[in-house]
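> Contents of my_file.cif (mmCIF, N, CA and C atoms) are below:
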data_model
loop_
_atom_site.label_atom_id
_atom_site.label_comp_id
_atom_site.auth_asym_id
_atom_site.auth_seq_id
_atom_site.Cartn_x
_atom_site.Cartn_y
_atom_site.Cartn_z
N MET A 236 7.33 1.45 -16.78
CA MET A 236 7.48 2.14 -15.51
C MET A 236 8.03 1.15 -14.50
N ALA A 237 9.05 1.54 -13.76
CA ALA A 237 9.64 0.70 -12.73
C ALA A 237 9.18 1.16 -11.36
N LEU A 238 8.96 0.21 -10.46
CA LEU A 238 8.56 0.51 -9.09
C LEU A 238 9.59 -0.10 -8.15
N LYS A 239 10.04 0.65 -7.17
CA LYS A 239 10.95 0.14 -6.16
C LYS A 239 10.13 -0.66 -5.15
N ALA A 240 10.61 -1.86 -4.79
CA ALA A 240 9.86 -2.72 -3.89
C ALA A 240 10.81 -3.60 -3.10
N HIS A 241 10.28 -4.19 -2.03
CA HIS A 241 11.01 -5.15 -1.20
C HIS A 241 10.18 -6.42 -1.15
N LEU A 242 10.79 -7.56 -1.48
CA LEU A 242 10.10 -8.85 -1.49
C LEU A 242 10.60 -9.69 -0.33
N ASP A 243 9.68 -10.09 0.58
CA ASP A 243 10.04 -10.92 1.72
C ASP A 243 10.24 -12.38 1.31
N GLN A 244 10.94 -13.12 2.17
CA GLN A 244 11.08 -14.55 1.97
C GLN A 244 9.71 -15.21 2.06
N ALA A 245 9.55 -16.36 1.41
CA ALA A 245 8.27 -17.08 1.44
C ALA A 245 7.98 -17.55 2.85
N ALA A 246 6.73 -17.41 3.27
CA ALA A 246 6.30 -17.86 4.59
C ALA A 246 6.07 -19.36 4.55
N ASN A 247 6.40 -20.08 5.63
CA ASN A 247 6.19 -21.52 5.70
C ASN A 247 4.74 -21.86 6.02
N ASP A 248 4.05 -20.97 6.71
CA ASP A 248 2.65 -21.18 7.10
C ASP A 248 1.74 -20.86 5.93
N LEU A 249 0.99 -21.83 5.44
CA LEU A 249 0.10 -21.60 4.30
C LEU A 249 -1.22 -20.95 4.71
N SER A 250 -1.55 -20.94 5.99
CA SER A 250 -2.76 -20.29 6.50
C SER A 250 -4.00 -20.65 5.68
N ASN A 251 -4.21 -21.95 5.52
CA ASN A 251 -5.37 -22.46 4.77
C ASN A 251 -5.39 -22.02 3.31
N ARG A 252 -4.21 -21.76 2.75
CA ARG A 252 -4.11 -21.40 1.33
C ARG A 252 -3.48 -22.56 0.57
N ASN A 253 -3.76 -22.63 -0.71
CA ASN A 253 -3.23 -23.71 -1.53
C ASN A 253 -1.78 -23.50 -1.92
N HIS A 254 -1.33 -22.26 -1.96
CA HIS A 254 0.02 -21.94 -2.41
C HIS A 254 0.69 -20.98 -1.44
N GLN A 255 2.02 -21.05 -1.38
CA GLN A 255 2.77 -20.11 -0.55
C GLN A 255 2.61 -18.70 -1.12
N ARG A 256 2.65 -17.73 -0.23
CA ARG A 256 2.58 -16.33 -0.65
C ARG A 256 3.78 -15.60 -0.08
N ARG A 257 4.21 -14.60 -0.79
CA ARG A 257 5.27 -13.71 -0.33
C ARG A 257 4.67 -12.33 -0.15
N SER A 258 5.28 -11.54 0.72
CA SER A 258 4.85 -10.15 0.91
C SER A 258 5.71 -9.25 0.04
N LEU A 259 5.05 -8.42 -0.75
CA LEU A 259 5.73 -7.47 -1.61
C LEU A 259 5.38 -6.07 -1.13
N TYR A 260 6.39 -5.30 -0.77
CA TYR A 260 6.18 -3.94 -0.28
C TYR A 260 6.62 -2.96 -1.36
N LEU A 261 5.68 -2.19 -1.90
CA LEU A 261 5.96 -1.22 -2.94
C LEU A 261 6.21 0.14 -2.31
N GLU A 262 7.29 0.79 -2.73
CA GLU A 262 7.59 2.13 -2.24
C GLU A 262 7.26 3.11 -3.36
N THR A 263 6.53 4.15 -3.03
CA THR A 263 6.13 5.13 -4.03
C THR A 263 5.96 6.49 -3.37
N SER A 264 5.62 7.47 -4.14
CA SER A 264 5.36 8.80 -3.59
C SER A 264 4.26 9.45 -4.39
N GLY A 265 3.68 10.47 -3.81
CA GLY A 265 2.63 11.22 -4.47
C GLY A 265 2.75 12.68 -4.12
N ILE A 266 1.94 13.47 -4.71
CA ILE A 266 1.93 14.91 -4.44
C ILE A 266 0.62 15.28 -3.76
N LEU A 267 0.73 15.98 -2.65
CA LEU A 267 -0.44 16.45 -1.92
C LEU A 267 -1.01 17.70 -2.61
N ARG A 268 -2.22 18.06 -2.24
CA ARG A 268 -2.86 19.23 -2.83
C ARG A 268 -2.04 20.50 -2.63
N ASP A 269 -1.31 20.58 -1.52
CA ASP A 269 -0.51 21.78 -1.25
C ASP A 269 0.86 21.74 -1.94
N GLY A 270 1.12 20.67 -2.74
CA GLY A 270 2.36 20.58 -3.49
C GLY A 270 3.47 19.80 -2.81
N HIS A 271 3.28 19.41 -1.55
CA HIS A 271 4.30 18.64 -0.84
C HIS A 271 4.27 17.18 -1.29
N GLU A 272 5.45 16.55 -1.26
CA GLU A 272 5.55 15.14 -1.63
C GLU A 272 5.15 14.27 -0.46
N ALA A 273 4.45 13.18 -0.74
CA ALA A 273 4.02 12.23 0.29
C ALA A 273 4.61 10.86 -0.04
N ASN A 274 5.54 10.39 0.77
CA ASN A 274 6.11 9.07 0.57
C ASN A 274 5.26 8.03 1.27
N VAL A 275 4.99 6.94 0.57
CA VAL A 275 4.18 5.86 1.14
C VAL A 275 4.81 4.51 0.77
N THR A 276 4.52 3.51 1.59
CA THR A 276 4.86 2.13 1.29
C THR A 276 3.55 1.36 1.23
N ILE A 277 3.30 0.67 0.12
CA ILE A 277 2.10 -0.14 -0.02
C ILE A 277 2.43 -1.55 0.45
N HIS A 278 1.77 -1.98 1.54
CA HIS A 278 2.03 -3.30 2.12
C HIS A 278 1.15 -4.39 1.54
N ASN A 279 -0.02 -4.03 1.07
CA ASN A 279 -0.97 -5.01 0.57
C ASN A 279 -1.85 -4.31 -0.46
N LEU A 280 -2.02 -4.94 -1.62
CA LEU A 280 -2.82 -4.37 -2.68
C LEU A 280 -3.68 -5.47 -3.28
N SER A 281 -4.99 -5.24 -3.34
CA SER A 281 -5.91 -6.22 -3.93
C SER A 281 -7.01 -5.46 -4.66
N ALA A 282 -7.91 -6.19 -5.29
CA ALA A 282 -9.02 -5.56 -5.99
C ALA A 282 -9.95 -4.84 -5.02
N ALA A 283 -9.95 -5.25 -3.74
CA ALA A 283 -10.85 -4.67 -2.75
C ALA A 283 -10.25 -3.49 -1.99
N GLY A 284 -8.94 -3.32 -2.05
CA GLY A 284 -8.34 -2.20 -1.31
C GLY A 284 -6.85 -2.35 -1.16
N LEU A 285 -6.27 -1.54 -0.28
CA LEU A 285 -4.83 -1.59 -0.04
C LEU A 285 -4.52 -1.17 1.38
N LEU A 286 -3.36 -1.59 1.84
CA LEU A 286 -2.84 -1.17 3.13
C LEU A 286 -1.59 -0.37 2.85
N LEU A 287 -1.57 0.88 3.27
CA LEU A 287 -0.39 1.70 3.03
C LEU A 287 0.13 2.30 4.33
N GLN A 288 1.41 2.62 4.30
CA GLN A 288 2.10 3.20 5.45
C GLN A 288 2.67 4.55 5.02
N THR A 289 2.45 5.57 5.83
CA THR A 289 2.96 6.90 5.56
C THR A 289 3.11 7.66 6.86
N ASP A 290 3.95 8.68 6.85
CA ASP A 290 4.09 9.51 8.03
C ASP A 290 3.08 10.66 8.04
N LEU A 291 2.20 10.71 7.04
CA LEU A 291 1.15 11.73 7.00
C LEU A 291 0.02 11.36 7.95
N ALA A 292 -0.62 12.36 8.51
CA ALA A 292 -1.77 12.13 9.39
C ALA A 292 -3.02 12.04 8.52
N LEU A 293 -3.45 10.81 8.22
CA LEU A 293 -4.66 10.60 7.42
C LEU A 293 -5.83 10.30 8.35
N GLU A 294 -7.01 10.73 7.96
CA GLU A 294 -8.21 10.56 8.77
C GLU A 294 -9.19 9.60 8.10
N VAL A 295 -9.93 8.84 8.91
CA VAL A 295 -10.98 7.98 8.37
C VAL A 295 -11.96 8.83 7.59
N GLY A 296 -12.32 8.38 6.40
CA GLY A 296 -13.21 9.13 5.53
C GLY A 296 -12.51 9.99 4.51
N GLU A 297 -11.21 10.24 4.71
CA GLU A 297 -10.46 11.05 3.77
C GLU A 297 -10.37 10.35 2.41
N LYS A 298 -10.51 11.13 1.34
CA LYS A 298 -10.49 10.60 -0.02
C LYS A 298 -9.08 10.72 -0.60
N LEU A 299 -8.66 9.68 -1.33
CA LEU A 299 -7.37 9.66 -2.01
C LEU A 299 -7.59 9.34 -3.48
N LEU A 300 -6.66 9.74 -4.31
CA LEU A 300 -6.63 9.35 -5.70
C LEU A 300 -5.30 8.64 -5.90
N ILE A 301 -5.36 7.35 -6.25
CA ILE A 301 -4.16 6.53 -6.34
C ILE A 301 -3.90 6.21 -7.80
N ASP A 302 -2.69 6.55 -8.26
CA ASP A 302 -2.30 6.30 -9.65
C ASP A 302 -1.63 4.94 -9.72
N LEU A 303 -2.35 3.94 -10.23
CA LEU A 303 -1.83 2.58 -10.33
C LEU A 303 -1.36 2.30 -11.75
N PRO A 304 -0.22 1.60 -11.89
CA PRO A 304 0.27 1.27 -13.22
C PRO A 304 -0.79 0.50 -14.02
N GLU A 305 -0.98 0.89 -15.24
CA GLU A 305 -1.90 0.28 -16.18
C GLU A 305 -3.37 0.38 -15.78
N ALA A 306 -3.68 1.04 -14.67
CA ALA A 306 -5.07 1.24 -14.26
C ALA A 306 -5.42 2.72 -14.22
N GLY A 307 -4.42 3.57 -14.11
CA GLY A 307 -4.65 5.01 -14.03
C GLY A 307 -5.08 5.42 -12.63
N ASP A 308 -5.73 6.57 -12.55
CA ASP A 308 -6.17 7.11 -11.26
C ASP A 308 -7.37 6.33 -10.74
N VAL A 309 -7.25 5.82 -9.52
CA VAL A 309 -8.30 5.03 -8.89
C VAL A 309 -8.69 5.73 -7.58
N PRO A 310 -9.98 6.07 -7.39
CA PRO A 310 -10.39 6.72 -6.15
C PRO A 310 -10.39 5.72 -4.99
N ALA A 311 -10.03 6.21 -3.81
CA ALA A 311 -10.01 5.39 -2.60
C ALA A 311 -10.39 6.27 -1.42
N ALA A 312 -10.79 5.62 -0.34
CA ALA A 312 -11.14 6.33 0.90
C ALA A 312 -10.52 5.60 2.06
N ILE A 313 -10.08 6.35 3.07
CA ILE A 313 -9.52 5.76 4.29
C ILE A 313 -10.69 5.18 5.10
N VAL A 314 -10.64 3.89 5.40
CA VAL A 314 -11.70 3.25 6.18
C VAL A 314 -11.20 2.81 7.56
N TRP A 315 -9.89 2.82 7.76
CA TRP A 315 -9.29 2.41 9.03
C TRP A 315 -7.90 2.97 9.11
N CYS A 316 -7.45 3.37 10.28
CA CYS A 316 -6.06 3.82 10.42
C CYS A 316 -5.58 3.53 11.84
N SER A 317 -4.28 3.28 11.94
CA SER A 317 -3.65 3.01 13.23
C SER A 317 -2.18 3.40 13.12
N ASP A 318 -1.74 4.32 13.94
CA ASP A 318 -0.37 4.84 13.89
C ASP A 318 -0.06 5.31 12.47
N ASP A 319 0.97 4.72 11.82
CA ASP A 319 1.32 5.17 10.48
C ASP A 319 0.79 4.25 9.38
N LEU A 320 -0.14 3.34 9.73
CA LEU A 320 -0.80 2.47 8.73
C LEU A 320 -2.18 3.02 8.43
#
Since I need it in another form, could you write the structure as structure tokens?


Amino acid sequence: MALKAHLDQAANDLSNRNHQRRSLYLETSGILRDGHEANVTIHNLSAAGLLLQTDLALEVGEKLLIDLPEAGDVPAAIVWCSDDL
């Protein structure tokens, strides 16, 4: 499975890290319960959560099901939102 993404240039500031990090932005889409497509950009993904951007109005507490490559469907909940993040 291929994923469309944008990889930023390496940051010069290590921010107390041992190695440089790059930002990888994954572009994907999903299907809402009503059948409409939802385009999202994943800005940050870790074992503890993710930061995504979408033009959908998501509410704190809303439940999502995220289909991750090689992990399958993973349940998630909105814990914070601001504008389109």

> Any idea what's packed within 9 Å of Lys298 (chain A), counting only C-alpha atoms, ignoring anything in its chain fewer than 6 positions away? Could you give it as a list in words?

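After dropping sequence-adjacent residues, the list is Pro310, Ala311, Ala312 and Ile313 of chain A.
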
> In Å, rounded to a single decimal, give me how far CA of Asp308 (chain A) is from CA of Thr276 (chain A).

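So the answer is 17.4 Å.
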
> Could you pull the residues within 12 Å of Ala282 (chain A), counting only C-alpha atoms, minus those fewer than 4 positions along the same chain, as a VMD selection string?

chain A and resid 286 303 306 309 311

> With only C-alpha atoms as the atoms that count, which of A:Ala273, A:Glu305, A:His278, A:Leu291 lies nearest to His241 (chain A)?

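So, comparing all the options, the nearest one is A:His278.
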
> May I ask for the distance between atom N of Ala292 (chain A) and CA of Asn279 (chain A), given in Å to one decimal place?

19.1 Å

> Would you compute the distance between atom C of Thr263 (chain A) and atom N of Ile301 (chain A)? Give it in Å to one decimal.

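Computed distance, atom C of Thr263 (chain A) to atom N of Ile301 (chain A), equals 11.7 Å.
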
> Would you list the contacts of Asp290 (chain A) as a VMD selection string, taking every protein, DNA or RNA residue within 6.5 Å and counting all atoms listed in the file, but skipping same-chain residues closer than 6 positions in sequence?

chain A and resid 274 to 275 319

> Pick out the closest residue to Glu272 (chain A) from this set: A:Gly296, A:Gly307, A:Thr289, A:Asp302. Count only C-alpha atoms.

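Looking at the shortest contact to Glu272 (chain A), the residue is A:Thr289.
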